[in-house]
Each structure stands twice: as C-alpha cells, then as structure tokens.
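Colleague: For reference, this is input.cif, and it has mmCIF, C-alpha atoms and all ligand atoms.
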```cif
data_start
loop_
_atom_site.group_PDB
_atom_site.id
_atom_site.type_symbol
_atom_site.label_atom_id
_atom_site.label_comp_id
_atom_site.auth_asym_id
_atom_site.auth_seq_id
_atom_site.Cartn_x
_atom_site.Cartn_y
_atom_site.Cartn_z
ATOM 1 C CA MET A 1 108.221 83.138 113.034
ATOM 2 C CA SER A 2 106.597 81.379 110.120
ATOM 3 C CA ARG A 3 103.132 82.095 111.461
ATOM 4 C CA GLN A 4 103.381 85.585 110.017
ATOM 5 C CA THR A 5 103.592 84.221 106.513
ATOM 6 C CA SER A 6 101.352 82.220 104.235
ATOM 7 C CA LYS A 7 101.787 80.732 100.808
ATOM 8 C CA CYS A 8 100.628 82.542 97.742
ATOM 9 C CA PRO A 9 97.850 80.412 96.153
ATOM 10 C CA ILE A 10 99.209 81.220 92.708
ATOM 11 C CA CYS A 11 102.971 80.788 92.807
ATOM 12 C CA LYS A 12 103.383 79.214 96.279
ATOM 13 C CA ARG A 13 105.890 81.786 97.409
ATOM 14 C CA ARG A 14 105.728 82.946 100.992
ATOM 15 C CA VAL A 15 103.773 86.096 101.579
ATOM 16 C CA LYS A 16 103.464 88.166 104.736
ATOM 17 C CA ARG A 17 100.031 88.370 106.248
ATOM 18 C CA ASP A 18 100.255 92.137 106.346
ATOM 19 C CA ALA A 19 101.218 92.372 102.691
ATOM 20 C CA PRO A 20 99.027 94.769 100.689
ATOM 21 C CA ASP A 21 98.077 92.009 98.265
ATOM 22 C CA PHE A 22 97.575 89.235 100.823
ATOM 23 C CA PRO A 23 96.839 86.354 100.379
ATOM 24 C CA PHE A 24 98.714 86.891 97.142
ATOM 25 C CA CYS A 25 102.409 87.738 97.068
ATOM 26 C CA SER A 26 101.963 90.505 94.562
ATOM 27 C CA GLU A 27 99.536 92.420 92.428
ATOM 28 C CA TYR A 28 100.521 90.114 89.606
ATOM 29 C CA CYS A 29 99.343 86.968 91.376
ATOM 30 C CA ARG A 30 96.164 88.652 92.500
ATOM 31 C CA PHE A 31 95.526 89.551 88.902
ATOM 32 C CA VAL A 32 96.218 85.996 87.763
ATOM 33 C CA ASP A 33 93.648 84.680 90.232
ATOM 34 C CA LEU A 34 91.149 87.233 89.022
ATOM 35 C CA GLY A 35 91.963 86.366 85.416
ATOM 36 C CA ARG A 36 91.055 82.719 85.947
ATOM 37 C CA TRP A 37 87.449 83.771 85.799
ATOM 38 C CA PHE A 38 88.029 84.857 82.231
ATOM 39 C CA GLY A 39 89.474 81.557 81.032
ATOM 40 C CA GLU A 40 91.688 81.825 78.004
ATOM 41 C CA GLU A 41 92.246 85.522 78.455
ATOM 42 C CA TYR A 42 94.113 84.788 81.662
ATOM 43 C CA ARG A 43 96.987 83.115 79.816
ATOM 44 C CA VAL A 44 97.600 86.139 77.637
ATOM 45 C CA ARG A 45 97.539 88.555 80.556
ATOM 46 C CA ARG A 46 99.819 86.358 82.629
ATOM 47 C CA GLN A 47 102.580 86.846 80.092
ATOM 48 C CA THR A 48 102.059 90.587 80.133
ATOM 49 C CA TRP A 49 102.208 90.816 83.901
ATOM 50 C CA LYS A 50 105.204 88.553 84.118
ATOM 51 C CA ASP A 51 107.152 90.954 81.953
ATOM 52 C CA THR A 52 106.047 93.864 84.086
ATOM 53 C CA GLU A 53 107.124 92.141 87.270
ATOM 54 C CA LYS A 54 110.596 91.478 85.895
ATOM 55 C CA LYS A 55 111.083 95.104 84.999
ATOM 56 C CA ASN A 56 110.127 96.196 88.496
ATOM 57 C CA ALA A 57 112.339 93.641 90.223
HETATM 58 ZN ZN ZN B 1 102.426 84.763 94.068
#
```
Can I see the file as structure tokens?
Modeller:
Amino acid sequence: MSRQTSKCPICKRRVKRDAPDFPFCSEYCRFVDLGRWFGEEYRVRRQTWKDTEKKNA
C-alpha cells in the first residue's frame, strides 16, 4: 500500500505518486523548492505561502 506514496522532499509528509504536485505534497512545497534557488528570498515567500495554505485547509 505504501508503494503508492513517497515523502515530500520539503516537509517529509507522505504524498501520492499521482498527486498533481508530485514529488511535492503541495504547490506550497514545490514553490519552496523552487525558491531555494533564490536564496534569502525563499524565506520571505515561505511565510507568505504558509499563511495561504492555512487559509485553504
Ligand atoms: Zn510538502
């Protein structure tokens, strides 16, 4: 059963292999990974996306 899931490289939560944002659990984590390329800017955006995720949850 667990073979259908993988761990998100950002937050380590389980994510389904058929998830739209795979290998990330969410658009937020995909954005965080992308943001790492921008260094410091990533930290600021992470806060913004965290707030957005909470509102949607
Ligand atoms: Zn994640």
Colleague: Select from chain A every residue with an atom at most 7 Å from any atom of ligand ZN 1 (chain B), then for each give the shortest pair of atoms and their distance in Å to one decimal, using only C-alpha atoms and all ligand atoms, rows by chain and rising number, as a Markdown table.
Modeller:
```
| residue | atom | partner | partner_atom | distance |
| --- | --- | --- | --- | --- |
| A:Cys8 | CA | B:ZN1 | ZN | 4.7 |
| A:Pro9 | CA | B:ZN1 | ZN | 6.6 |
| A:Ile10 | CA | B:ZN1 | ZN | 5.0 |
| A:Cys11 | CA | B:ZN1 | ZN | 4.2 |
| A:Lys12 | CA | B:ZN1 | ZN | 6.0 |
| A:Arg13 | CA | B:ZN1 | ZN | 5.7 |
| A:Phe24 | CA | B:ZN1 | ZN | 5.3 |
| A:Cys25 | CA | B:ZN1 | ZN | 4.2 |
| A:Ser26 | CA | B:ZN1 | ZN | 5.8 |
| A:Cys29 | CA | B:ZN1 | ZN | 4.6 |
```
Colleague: Those same residues, written as a PDB file, in the frame of the given file with C-alpha atoms?
Modeller:
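New file selection07.pdb:
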```pdb
ATOM      1  CA  CYS A   8     100.628  82.542  97.742  1.00  0.00           C
ATOM      2  CA  PRO A   9      97.850  80.412  96.153  1.00  0.00           C
ATOM      3  CA  ILE A  10      99.209  81.220  92.708  1.00  0.00           C
ATOM      4  CA  CYS A  11     102.971  80.788  92.807  1.00  0.00           C
ATOM      5  CA  LYS A  12     103.383  79.214  96.279  1.00  0.00           C
ATOM      6  CA  ARG A  13     105.890  81.786  97.409  1.00  0.00           C
ATOM      7  CA  PHE A  24      98.714  86.891  97.142  1.00  0.00           C
ATOM      8  CA  CYS A  25     102.409  87.738  97.068  1.00  0.00           C
ATOM      9  CA  SER A  26     101.963  90.505  94.562  1.00  0.00           C
ATOM     10  CA  CYS A  29      99.343  86.968  91.376  1.00  0.00           C
TER      11      CYS A  29
END
```
Colleague: Could you state the separation of atom CA of A:Lys7 and atom CA of A:Gly35 in Å, given to one decimal place?
Modeller: 19.1 Å
Colleague: Please report the interatomic distance between atom CA of A:Arg36 and atom CA of A:Val15 in Å with one decimal.
Modeller: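 It comes out at 20.4 Å.
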Colleague: Would you give the centre and edge lengths, in Å to one decimal, of a box along x, y and z around the listed atoms of stretch 9-21 of chain A, with 4 Å added to each side, as AutoDock Vina command-line options?
Modeller:
```
--center_x 101.9 --center_y 87.0 --center_z 99.5 --size_x 16.0 --size_y 23.6 --size_z 21.6
```
Colleague: As an exercise, work out the distance from atom CA of A:Trp37 to atom CA of A:Asp21 in Å and give it to one decimal place.
Modeller: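 According to the coordinates, atom CA of A:Trp37 and atom CA of A:Asp21 are separated by 18.3 Å.
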Colleague: Write out as a PyMOL selection string which residues come within 10 Å of stretch 18-20 of chain A when counting all atoms listed in the file, dropping same-chain ones fewer than 6 positions away.
Modeller: chain A and resi 4-5+26-27
